[in-house]
file start_2.cif (mmCIF, C-alpha atoms)
data_entry
#
loop_
_atom_site.label_atom_id
_atom_site.label_comp_id
_atom_site.auth_asym_id
_atom_site.auth_seq_id
_atom_site.Cartn_x
_atom_site.Cartn_y
_atom_site.Cartn_z
CA MET A 190 0.00 0.00 0.00
CA THR A 191 1.22 3.48 -0.91
CA GLU A 192 0.17 6.71 0.76
CA ILE A 193 -0.93 9.32 -1.81
CA LYS A 194 -2.31 12.86 -1.79
CA GLN A 195 -5.60 14.04 -3.23
CA ILE A 196 -7.46 17.37 -3.30
CA ILE A 197 -11.17 17.39 -2.51
CA LEU A 198 -13.82 20.12 -2.61
CA ASP A 199 -14.70 20.57 1.05
CA LYS A 200 -17.49 23.11 0.60
CA TYR A 201 -19.23 24.94 -2.22
CA PHE A 202 -18.21 28.49 -2.90
CA GLU A 203 -21.05 30.44 -4.52
CA ARG A 204 -20.16 32.87 -7.27
CA ASP A 205 -21.38 35.94 -5.34
CA ASN A 206 -18.94 35.21 -2.50
CA GLY A 207 -16.00 36.78 -4.31
CA MET A 208 -12.60 35.24 -4.92
CA PRO A 209 -12.05 31.49 -4.43
CA ASP A 210 -10.96 30.67 -0.89
CA PRO A 211 -8.22 28.14 -0.03
CA ASN A 212 -10.43 26.95 2.83
CA GLN A 213 -12.93 25.43 0.41
CA PHE A 214 -10.33 22.83 -0.56
CA GLU A 215 -8.72 20.10 1.48
CA ILE A 216 -5.57 18.15 0.75
CA THR A 217 -5.97 14.67 2.20
CA THR A 218 -3.94 11.48 2.17
CA CYS A 219 -5.21 7.97 1.53
CA LYS A 220 -3.85 4.46 1.00
CA PHE A 221 -3.57 3.18 -2.55
CA ASP A 222 -3.03 -0.46 -3.48
CA GLU A 223 -0.72 -0.54 -6.51
CA ASN A 224 -1.11 -4.32 -6.70
CA GLN A 225 -4.90 -4.28 -6.95
CA LYS A 226 -6.61 -6.31 -9.65
CA MET A 227 -8.08 -4.15 -12.39
CA GLU A 228 -11.11 -4.83 -14.57
CA LYS A 229 -10.80 -4.96 -18.35
CA ASP A 230 -10.27 -1.61 -20.14
CA HIS A 231 -8.78 0.18 -17.14
CA ILE A 232 -5.44 1.87 -16.61
CA MET A 233 -3.52 2.75 -13.48
CA ILE A 234 -1.98 6.18 -13.92
CA LYS A 235 0.36 8.53 -12.10
CA LEU A 236 -0.24 12.25 -12.65
CA GLU A 237 2.62 14.13 -14.31
CA TYR A 238 1.06 17.50 -15.21
CA VAL A 239 -2.11 19.18 -13.92
CA SER A 240 -4.00 22.02 -15.62
CA VAL A 241 -5.84 24.76 -13.73
CA ASP A 242 -8.42 26.68 -15.76
CA PRO A 243 -10.90 29.51 -15.04
CA TYR A 244 -13.96 27.38 -15.94
CA LEU A 245 -13.32 25.18 -12.89
CA ARG A 246 -14.69 28.03 -10.75
CA ALA A 247 -18.16 27.40 -12.20
CA ARG A 248 -18.01 23.80 -10.96
CA MET A 249 -17.42 24.89 -7.37
CA THR A 250 -20.92 26.25 -6.83
CA SER A 251 -23.95 24.27 -5.74
CA LYS A 252 -25.91 25.28 -8.84
CA LYS A 253 -25.51 23.92 -12.37
CA THR A 254 -24.26 26.58 -14.75
CA PHE A 255 -22.70 25.79 -18.13
CA VAL A 256 -21.02 22.83 -16.39
CA ASP A 257 -22.11 20.43 -13.67
CA PRO A 258 -20.91 21.18 -10.12
CA PHE A 259 -18.30 19.01 -8.46
CA LYS A 260 -19.51 16.61 -5.78
CA LEU A 261 -18.62 17.68 -2.27
CA HIS A 262 -15.86 15.68 -0.56
CA ASP A 263 -14.85 14.04 -3.82
CA PRO A 264 -11.57 14.79 -5.62
CA ILE A 265 -11.63 17.72 -8.03
CA ASN A 266 -10.69 16.91 -11.60
CA SER A 267 -9.31 18.81 -14.56
CA GLY A 268 -7.22 18.27 -17.66
CA CYS A 269 -4.09 16.29 -16.81
CA VAL A 270 -1.27 14.34 -18.40
CA ALA A 271 -0.36 11.07 -16.70
CA LYS A 272 1.93 8.08 -17.11
CA VAL A 273 0.42 4.62 -17.43
CA LEU A 274 1.69 2.32 -14.68
CA LYS A 275 -0.48 -0.70 -15.55
CA SER A 276 -3.06 -1.43 -18.23
CA THR A 277 -5.82 -3.90 -19.06
CA SER A 278 -6.69 -1.90 -22.19
CA ASP A 279 -5.76 -2.64 -25.78
CA ARG A 280 -5.32 1.09 -26.40
CA PHE A 281 -2.58 1.81 -23.88
CA LYS A 282 0.40 -0.03 -22.42
CA GLU A 283 2.67 0.50 -19.43
CA GLY A 284 4.92 3.51 -19.97
CA ASP A 285 2.55 5.39 -22.29
CA HIS A 286 1.54 8.96 -21.52
CA VAL A 287 -2.14 9.90 -21.69
CA SER A 288 -4.18 13.09 -21.50
CA GLY A 289 -7.68 13.34 -20.11
CA TYR A 290 -9.80 14.67 -17.28
CA PHE A 291 -8.42 12.99 -14.17
CA ASP A 292 -8.87 13.49 -10.44
CA TRP A 293 -6.44 15.62 -8.49
CA LYS A 294 -5.08 12.40 -7.00
CA GLU A 295 -1.47 11.34 -7.39
CA ILE A 296 -2.19 7.73 -8.46
CA GLN A 297 -5.56 6.37 -9.61
CA VAL A 298 -7.29 3.73 -11.67
CA VAL A 299 -9.56 4.99 -14.44
CA LYS A 300 -11.79 3.37 -17.03
CA VAL A 301 -10.55 3.92 -20.57
CA VAL A 302 -13.07 6.09 -22.44
CA LYS A 303 -12.78 7.79 -25.83
CA GLU A 304 -11.87 11.12 -24.21
CA ILE A 305 -8.60 9.67 -22.89
CA LEU A 306 -6.00 10.23 -25.59
CA MET A 307 -2.39 9.27 -26.19
CA ALA A 308 0.05 12.07 -25.34
CA ASP A 309 2.97 11.36 -27.63
CA PRO A 310 6.11 13.34 -26.68
CA ASN A 311 7.43 12.78 -30.21
CA ILE A 312 4.58 14.89 -31.60
CA ALA A 313 4.56 17.63 -28.96
CA PRO A 314 5.99 18.23 -25.48
CA LEU A 315 3.83 16.59 -22.80
CA SER A 316 2.92 19.97 -21.30
CA ALA A 317 1.54 21.07 -24.70
CA TYR A 318 -1.26 18.51 -24.33
CA LEU A 319 -2.69 20.81 -21.66
CA GLY A 320 -2.08 23.96 -23.70
CA ILE A 321 -1.75 24.42 -27.44
CA CYS A 322 -2.52 20.77 -28.27
CA GLY A 323 -5.09 20.43 -25.49
CA MET A 324 -8.39 22.01 -24.52
CA PRO A 325 -7.21 25.67 -24.65
CA GLY A 326 -5.66 25.29 -28.09
CA VAL A 327 -8.58 23.34 -29.51
CA THR A 328 -10.95 25.97 -28.09
CA ALA A 329 -8.93 28.70 -29.81
CA TYR A 330 -8.84 26.89 -33.15
CA LEU A 331 -12.51 25.94 -33.33
CA GLY A 332 -13.81 29.28 -32.10
CA THR A 333 -11.57 31.28 -34.42
CA THR A 334 -12.17 29.21 -37.55
CA LEU A 335 -15.81 28.15 -37.16
CA ILE A 336 -17.28 31.22 -35.44
CA GLY A 337 -14.75 33.90 -36.37
CA LYS A 338 -14.64 32.82 -40.03
CA PRO A 339 -11.44 34.83 -40.62
CA LYS A 340 -10.70 36.56 -43.92
CA LYS A 341 -7.26 37.88 -44.76
CA GLY A 342 -6.85 41.56 -43.92
CA GLU A 343 -9.55 41.66 -41.23
CA THR A 344 -8.99 42.86 -37.66
CA LEU A 345 -9.25 40.48 -34.71
CA VAL A 346 -9.42 41.68 -31.10
CA VAL A 347 -9.01 39.21 -28.24
CA ASN A 348 -9.18 40.01 -24.52
CA ALA A 349 -7.46 38.03 -21.77
CA ALA A 350 -5.01 37.82 -24.66
CA ALA A 351 -2.03 36.75 -22.55
CA GLY A 352 -3.85 33.67 -21.24
CA ALA A 353 -3.79 30.06 -22.40
CA VAL A 354 -6.56 30.56 -24.97
CA GLY A 355 -5.90 34.17 -25.94
CA THR A 356 -2.27 33.64 -26.92
CA VAL A 357 -3.29 30.84 -29.30
CA VAL A 358 -6.23 32.80 -30.74
CA GLY A 359 -3.91 35.64 -31.67
CA GLN A 360 -1.31 33.39 -33.24
CA ILE A 361 -3.96 31.60 -35.30
CA GLY A 362 -5.19 35.00 -36.40
CA LYS A 363 -1.73 35.87 -37.71
CA ILE A 364 -1.56 32.57 -39.62
CA TYR A 365 -4.81 33.58 -41.33
CA GLY A 366 -3.42 36.99 -42.26
CA LEU A 367 -5.36 39.11 -39.75
CA ARG A 368 -4.42 42.25 -37.90
CA VAL A 369 -4.40 41.06 -34.29
CA VAL A 370 -4.91 43.29 -31.25
CA GLY A 371 -4.61 41.76 -27.78
CA ILE A 372 -5.97 43.21 -24.54
CA CYS A 373 -4.44 42.25 -21.20
CA GLY A 374 -3.83 43.50 -17.66
CA SER A 375 -0.27 44.87 -17.66
CA ASP A 376 2.31 46.57 -19.82
CA GLU A 377 4.59 43.55 -19.38
CA LYS A 378 1.95 41.27 -20.85
CA ALA A 379 1.18 43.74 -23.65
CA ASN A 380 4.85 43.80 -24.63
CA SER A 381 4.98 39.99 -24.61
CA LEU A 382 2.00 39.80 -26.94
CA VAL A 383 3.88 41.85 -29.53
CA ASN A 384 7.43 40.61 -28.97
CA ASP A 385 6.83 36.91 -28.24
CA PHE A 386 3.52 36.10 -29.95
CA HIS A 387 3.81 38.62 -32.83
CA PHE A 388 0.48 40.39 -32.25
CA ASP A 389 0.24 43.72 -34.10
CA ALA A 390 -0.67 45.54 -30.88
CA GLY A 391 -0.97 44.81 -27.18
CA LEU A 392 -3.08 47.02 -24.89
CA ASN A 393 -3.30 47.31 -21.11
CA TYR A 394 -6.94 47.76 -20.09
CA HIS A 395 -5.82 49.38 -16.81
CA SER A 396 -4.46 52.33 -18.78
CA PRO A 397 -6.53 55.53 -18.41
CA THR A 398 -6.33 55.89 -22.20
CA TYR A 399 -7.45 52.30 -22.90
CA ALA A 400 -10.54 53.20 -24.98
CA ASN A 401 -8.58 55.65 -27.13
CA ASP A 402 -5.64 53.22 -27.44
CA LEU A 403 -8.08 50.58 -28.71
CA LYS A 404 -9.52 52.95 -31.29
CA ASN A 405 -6.04 53.84 -32.55
CA ALA A 406 -5.06 50.15 -32.72
CA CYS A 407 -8.14 49.35 -34.83
CA PRO A 408 -8.28 52.10 -37.49
CA ASN A 409 -10.51 49.96 -39.71
CA GLY A 410 -12.81 48.80 -36.93
CA ILE A 411 -13.12 45.25 -35.61
CA ASP A 412 -14.29 42.28 -37.66
CA ILE A 413 -13.76 39.47 -35.15
CA PHE A 414 -13.98 39.84 -31.38
CA TRP A 415 -12.90 36.97 -29.17
CA GLU A 416 -14.62 37.46 -25.80
CA ASN A 417 -13.04 35.98 -22.67
CA VAL A 418 -13.75 38.70 -20.12
CA GLY A 419 -16.99 40.69 -20.39
CA GLY A 420 -17.72 43.72 -18.23
CA GLU A 421 -16.11 47.12 -18.65
CA VAL A 422 -13.12 45.73 -20.54
CA SER A 423 -15.41 44.74 -23.41
CA ASP A 424 -17.62 47.84 -23.58
CA PRO A 425 -15.30 49.92 -25.84
CA ILE A 426 -14.78 46.93 -28.13
CA LEU A 427 -18.49 46.65 -28.93
CA LEU A 428 -18.56 50.25 -30.14
CA LEU A 429 -15.88 49.51 -32.75
CA LEU A 430 -17.44 46.38 -34.27
CA ASN A 431 -17.93 46.52 -38.02
CA VAL A 432 -21.01 45.56 -39.99
CA ARG A 433 -21.39 41.75 -39.93
CA ALA A 434 -18.67 41.34 -37.32
CA ARG A 435 -18.45 37.98 -35.56
CA VAL A 436 -18.16 37.64 -31.79
CA ALA A 437 -17.00 34.34 -30.27
CA CYS A 438 -18.06 34.30 -26.62
CA CYS A 439 -15.68 31.87 -24.92
CA GLY A 440 -16.05 33.14 -21.36
CA ALA A 441 -16.72 36.07 -19.05
CA ILE A 442 -14.18 35.85 -16.24
CA SER A 443 -15.12 39.32 -14.96
CA VAL A 444 -18.38 37.89 -13.54
CA TYR A 445 -17.27 34.43 -12.40
CA ASN A 446 -16.97 35.69 -8.83
CA LYS A 447 -20.18 37.70 -8.60
CA LYS A 448 -23.87 37.49 -9.46
CA VAL A 449 -24.74 37.82 -13.12
CA THR A 450 -27.44 40.34 -12.14
CA ASP A 451 -24.70 42.60 -10.71
CA ASP A 452 -23.05 42.80 -14.13
CA ILE A 453 -24.90 45.87 -15.34
CA GLY A 454 -23.33 48.01 -18.03
CA GLN A 455 -23.57 48.88 -21.68
CA ARG A 456 -26.28 46.96 -23.53
CA ALA A 457 -25.26 45.24 -26.75
CA GLN A 458 -28.62 44.63 -28.42
CA TYR A 459 -28.82 47.80 -30.50
CA ILE A 460 -25.23 47.45 -31.68
CA VAL A 461 -25.86 43.82 -32.65
CA PHE A 462 -29.00 44.85 -34.54
CA GLU A 463 -27.56 47.92 -36.24
CA LYS A 464 -24.39 46.20 -37.42
CA ARG A 465 -26.02 42.78 -38.08
CA ILE A 466 -23.43 41.19 -35.80
CA THR A 467 -23.24 37.45 -35.12
CA MET A 468 -22.56 36.82 -31.42
CA GLN A 469 -22.25 33.18 -30.37
CA GLY A 470 -21.42 31.51 -27.08
CA PHE A 471 -19.81 28.07 -27.27
CA LEU A 472 -18.28 25.23 -25.26
CA VAL A 473 -15.41 23.24 -26.73
CA PHE A 474 -16.83 20.04 -25.19
CA GLU A 475 -19.80 20.20 -27.57
CA TYR A 476 -17.77 19.83 -30.75
CA SER A 477 -17.43 16.48 -32.49
CA ASP A 478 -14.50 14.05 -32.30
CA GLU A 479 -13.75 14.82 -35.95
CA GLU A 480 -13.56 18.57 -35.30
CA TYR A 481 -11.34 17.99 -32.26
CA LYS A 482 -9.04 15.76 -34.35
CA ASP A 483 -8.85 18.37 -37.11
CA ALA A 484 -7.92 21.04 -34.56
CA PHE A 485 -5.21 18.85 -33.00
CA GLN A 486 -3.68 18.06 -36.39
CA HIS A 487 -3.45 21.73 -37.34
CA LEU A 488 -2.16 22.87 -33.94
CA SER A 489 0.49 20.15 -33.57
CA LYS A 490 1.68 20.81 -37.16
CA TRP A 491 1.92 24.57 -36.59
CA LEU A 492 3.75 23.98 -33.30
CA LYS A 493 6.29 21.70 -34.98
CA GLU A 494 6.76 24.19 -37.83
CA GLY A 495 7.30 27.06 -35.40
CA LYS A 496 4.28 28.99 -36.66
CA ILE A 497 2.90 29.08 -33.13
CA ILE A 498 4.79 28.97 -29.87
CA GLU A 499 3.85 27.78 -26.42
CA LYS A 500 4.65 29.87 -23.39
CA HIS A 501 3.53 28.67 -19.99
CA VAL A 502 3.86 29.16 -16.26
CA MET A 503 5.19 25.93 -14.76
CA ASN A 504 4.73 25.51 -11.02
CA ASN A 505 6.18 22.47 -9.29
CA GLY A 506 4.61 20.18 -6.72
CA PHE A 507 1.17 18.84 -5.79
CA ASP A 508 0.82 21.49 -3.08
CA GLN A 509 0.97 24.23 -5.75
CA ILE A 510 -2.28 23.19 -7.45
CA ILE A 511 -4.59 25.21 -5.19
CA PRO A 512 -2.48 28.43 -5.09
CA SER A 513 -2.02 28.25 -8.86
CA PHE A 514 -5.79 27.98 -9.39
CA ILE A 515 -6.62 30.90 -7.08
CA LYS A 516 -4.02 33.14 -8.72
CA LEU A 517 -5.88 32.88 -12.04
CA TYR A 518 -8.44 35.34 -10.66
CA GLU A 519 -6.00 37.99 -9.47
CA THR A 520 -6.41 40.78 -12.01
CA LYS A 521 -2.76 41.76 -11.75
CA ASN A 522 -1.26 38.27 -11.87
CA LYS A 523 1.86 37.92 -14.00
CA ASN A 524 0.81 34.71 -15.75
CA ILE A 525 1.52 34.59 -19.47
CA GLY A 526 0.21 31.55 -21.33
CA LYS A 527 -0.98 28.28 -19.79
CA VAL A 528 -0.64 27.62 -16.07
CA ILE A 529 0.53 24.05 -15.45
CA ILE A 530 1.62 22.22 -12.33
CA LYS A 531 4.36 19.62 -12.76
CA LEU A 532 4.28 16.79 -10.25
#
call {"tool": "encode", "arguments": {"input": "start_2.cif", "output": "structure tokens"}}
result
Amino acid sequence: MTEIKQIILDKYFERDNGMPDPNQFEITTCKFDENQKMEKDHIMIKLEYVSVDPYLRARMTSKKTFVDPFKLHDPINSGCVAKVLKSTSDRFKEGDHVSGYFDWKEIQVVKVVKEILMADPNIAPLSAYLGICGMPGVTAYLGTTLIGKPKKGETLVVNAAAGAVGTVVGQIGKIYGLRVVGICGSDEKANSLVNDFHFDAGLNYHSPTYANDLKNACPNGIDIFWENVGGEVSDPILLLLNVRARVACCGAISVYNKKVTDDIGQRAQYIVFEKRITMQGFLVFEYSDEEYKDAFQHLSKWLKEGKIIEKHVMNNGFDQIIPSFIKLYETKNKNIGKVIIKL
């Protein structure tokens, strides 16, 4: 028997209670039998990399939102990369690396389902399966290509641009020949968007001249708006949307920690009507296996060719999972790219 760590959700934390609280989590230890007999089509895995993502906040409330809530006193789960220790599956063998949604539990036995995929380090670095070649990258590809419908020469604006999804959205935009403007929370991040990810402009929304800076960065208006934030950050963007602009609504992190009814600001309906704008919310989990495969093939190819780069924040150790998650919501955090915990 081996003693292992796991992280459970100890109590729900409703969205109107503000920032996530470390006290809602509990790190516990339990005994794990590595010699246990496994049923057919199961694998025993050891976590190697853990992803923390903003959407997990919505699963920590007692109410169903766009995702189901976690069960109290059960381990939390998220996107992870793990090494196969034992297998009774024809798909995987001992020593393989796999990506999937696994519990925050150091060692575990899971049933092999179609969502568990091979993470081949010869195709991409293992950490990339949680970033560019994982859920964030696939989200960026499908939203940009299927909702954004990019045409060469158009202008794309993405907020939370220095995050795991935003950095990929912008780079895909450049591949498609777009003018790309990224909005983020610091001058350091804005500089990185231009210098590291080759955006045409990077803007700090904390700047007192933000609205005017945005107008100057988009002299021909905005054709595609990738929405990750909502709230006051997005209000000036709506005013610059062109006729028949497309808006891909991927998230609204500005209201994840408060009631939706408290998010009162500029109304979009007249602008949408006047400009005949298409505004669509979407969840990457609702796309087909074929669309996911197409996204992975493009992203892994571009990564190998150097057309897109991966930049991430790598924190080390199981005990860093909770602090890394909470830091996602600090408006002045210094994270650029995907936040990953290496175990």
call {"tool": "closest_residue", "arguments": {"input": "start_2.cif", "among": "A:Asp230, A:Glu480, A:Asp424, A:Asp205", "to": "Asp279 in chain A", "atoms": "all atoms listed in the file"}}
result
A:Asp230
call {"tool": "closest_residue", "arguments": {"input": "start_2.cif", "among": "A:Thr333, A:Ser240, A:Thr344, A:Ser381", "to": "Cys269 in chain A", "atoms": "only C-alpha atoms"}}
result
A:Ser240
call {"tool": "residues_around", "arguments": {"input": "start_2.cif", "residues": "range 369-371 of chain A", "least_positions_apart": "2", "cutoff": "10 Å", "atoms": "all atoms listed in the file", "output": "mmCIF file with C-alpha atoms, in the coordinates of the input"}}
result
data_model
loop_
_atom_site.group_PDB
_atom_site.id
_atom_site.type_symbol
_atom_site.label_atom_id
_atom_site.label_comp_id
_atom_site.auth_asym_id
_atom_site.auth_seq_id
_atom_site.Cartn_x
_atom_site.Cartn_y
_atom_site.Cartn_z
ATOM 1 C CA GLY A 342 -6.850 41.560 -43.920
ATOM 2 C CA GLU A 343 -9.550 41.660 -41.230
ATOM 3 C CA THR A 344 -8.990 42.860 -37.660
ATOM 4 C CA LEU A 345 -9.250 40.480 -34.710
ATOM 5 C CA VAL A 346 -9.420 41.680 -31.100
ATOM 6 C CA VAL A 347 -9.010 39.210 -28.240
ATOM 7 C CA ASN A 348 -9.180 40.010 -24.520
ATOM 8 C CA ALA A 349 -7.460 38.030 -21.770
ATOM 9 C CA ALA A 350 -5.010 37.820 -24.660
ATOM 10 C CA ALA A 351 -2.030 36.750 -22.550
ATOM 11 C CA GLY A 355 -5.900 34.170 -25.940
ATOM 12 C CA THR A 356 -2.270 33.640 -26.920
ATOM 13 C CA VAL A 358 -6.230 32.800 -30.740
ATOM 14 C CA GLY A 359 -3.910 35.640 -31.670
ATOM 15 C CA GLN A 360 -1.310 33.390 -33.240
ATOM 16 C CA ILE A 361 -3.960 31.600 -35.300
ATOM 17 C CA GLY A 362 -5.190 35.000 -36.400
ATOM 18 C CA LYS A 363 -1.730 35.870 -37.710
ATOM 19 C CA GLY A 366 -3.420 36.990 -42.260
ATOM 20 C CA LEU A 367 -5.360 39.110 -39.750
ATOM 21 C CA CYS A 373 -4.440 42.250 -21.200
ATOM 22 C CA LYS A 378 1.950 41.270 -20.850
ATOM 23 C CA ALA A 379 1.180 43.740 -23.650
ATOM 24 C CA LEU A 382 2.000 39.800 -26.940
ATOM 25 C CA VAL A 383 3.880 41.850 -29.530
ATOM 26 C CA HIS A 387 3.810 38.620 -32.830
ATOM 27 C CA PHE A 388 0.480 40.390 -32.250
ATOM 28 C CA ASP A 389 0.240 43.720 -34.100
ATOM 29 C CA ALA A 390 -0.670 45.540 -30.880
ATOM 30 C CA GLY A 391 -0.970 44.810 -27.180
ATOM 31 C CA LEU A 392 -3.080 47.020 -24.890
ATOM 32 C CA ASN A 393 -3.300 47.310 -21.110
ATOM 33 C CA LEU A 403 -8.080 50.580 -28.710
ATOM 34 C CA ALA A 406 -5.060 50.150 -32.720
ATOM 35 C CA CYS A 407 -8.140 49.350 -34.830
ATOM 36 C CA ILE A 411 -13.120 45.250 -35.610
ATOM 37 C CA ILE A 413 -13.760 39.470 -35.150
ATOM 38 C CA PHE A 414 -13.980 39.840 -31.380
ATOM 39 C CA TRP A 415 -12.900 36.970 -29.170
#
call {"tool": "closest_residue", "arguments": {"input": "start_2.cif", "among": "A:Asn224, A:Asp478, A:His487, A:Leu236", "to": "Lys531 in chain A", "atoms": "all atoms listed in the file"}}
result
A:Leu236
call {"tool": "closest_residue", "arguments": {"input": "start_2.cif", "among": "A:Phe291, A:Ile525, A:Ile530, A:Val436", "to": "Asn380 in chain A", "atoms": "all atoms listed in the file"}}
result
A:Ile525
call {"tool": "atom_distance", "arguments": {"input": "start_2.cif", "atom1": "CA of Val528 in chain A", "atom2": "CA of Thr250 in chain A"}}
result
22.3 Å
call {"tool": "residues_around", "arguments": {"input": "start_2.cif", "residues": "Leu306 in chain A", "least_positions_apart": "3", "cutoff": "8 Å", "atoms": "all atoms listed in the file", "output": "mmCIF file with C-alpha atoms, keeping the file's coordinate frame"}}
result
data_model
loop_
_atom_site.group_PDB
_atom_site.id
_atom_site.type_symbol
_atom_site.label_atom_id
_atom_site.label_comp_id
_atom_site.auth_asym_id
_atom_site.auth_seq_id
_atom_site.Cartn_x
_atom_site.Cartn_y
_atom_site.Cartn_z
ATOM 1 C CA VAL A 287 -2.140 9.900 -21.690
ATOM 2 C CA SER A 288 -4.180 13.090 -21.500
ATOM 3 C CA GLY A 289 -7.680 13.340 -20.110
ATOM 4 C CA LYS A 303 -12.780 7.790 -25.830
#
call {"tool": "resolve_selection", "arguments": {"input": "start_2.cif", "expression": "the PyMOL selection byres ((chain A and resi 264) around 8)", "output": "PyMOL selection string"}}
result
chain A and resi 195-198+262-263+265-266+292-294
call {"tool": "closest_residue", "arguments": {"input": "start_2.cif", "among": "A:Phe471, A:Tyr290, A:Phe386, A:Tyr518", "to": "Ile498 in chain A", "atoms": "all atoms listed in the file"}}
result
A:Phe386
call {"tool": "residues_around", "arguments": {"input": "start_2.cif", "residues": "Pro512 in chain A", "least_positions_apart": "4", "cutoff": "10 Å", "atoms": "only C-alpha atoms", "output": "PyMOL selection string"}}
result
chain A and resi 210-211+241+504+508+516-517
call {"tool": "write_last_selection", "arguments": {"input": "start_2.cif", "atoms": "C-alpha atoms", "output": "PDB file, keeping the file's coordinate frame"}}
result
ATOM      1  CA  ASP A 210     -10.960  30.670  -0.890  1.00  0.00           C
ATOM      2  CA  PRO A 211      -8.220  28.140  -0.030  1.00  0.00           C
ATOM      3  CA  VAL A 241      -5.840  24.760 -13.730  1.00  0.00           C
ATOM      4  CA  ASN A 504       4.730  25.510 -11.020  1.00  0.00           C
ATOM      5  CA  ASP A 508       0.820  21.490  -3.080  1.00  0.00           C
ATOM      6  CA  LYS A 516      -4.020  33.140  -8.720  1.00  0.00           C
ATOM      7  CA  LEU A 517      -5.880  32.880 -12.040  1.00  0.00           C
TER       8      LEU A 517
END
call {"tool": "atom_distance", "arguments": {"input": "start_2.cif", "atom1": "CA of Lys338 in chain A", "atom2": "CA of Val432 in chain A"}}
result
14.2 Å
call {"tool": "atom_distance", "arguments": {"input": "start_2.cif", "atom1": "CA of Asn401 in chain A", "atom2": "CA of Arg456 in chain A"}}
result
20.0 Å
call {"tool": "residues_around", "arguments": {"input": "start_2.cif", "residues": "Gln213 in chain A", "least_positions_apart": "4", "cutoff": "7 Å", "atoms": "all atoms listed in the file", "output": "compact mmCIF listing (two decimals) with C-alpha atoms, in the coordinates of the input"}}
result
# COMPACT_ATOMS: atom_id res chain seq x y z
CA LEU A 198 -13.82 20.12 -2.61
CA ASP A 199 -14.70 20.57 1.05
CA LYS A 200 -17.49 23.11 0.60
CA TYR A 201 -19.23 24.94 -2.22
CA PHE A 202 -18.21 28.49 -2.90
call {"tool": "residues_near_point", "arguments": {"input": "start_2.cif", "point": "(-21.2, 29.7, -30.0)", "cutoff": "7 Å", "atoms": "only C-alpha atoms", "output": "list in words"}}
result
Ile336, Ala437, Cys438, Gln469, Gly470 and Phe471 of chain A
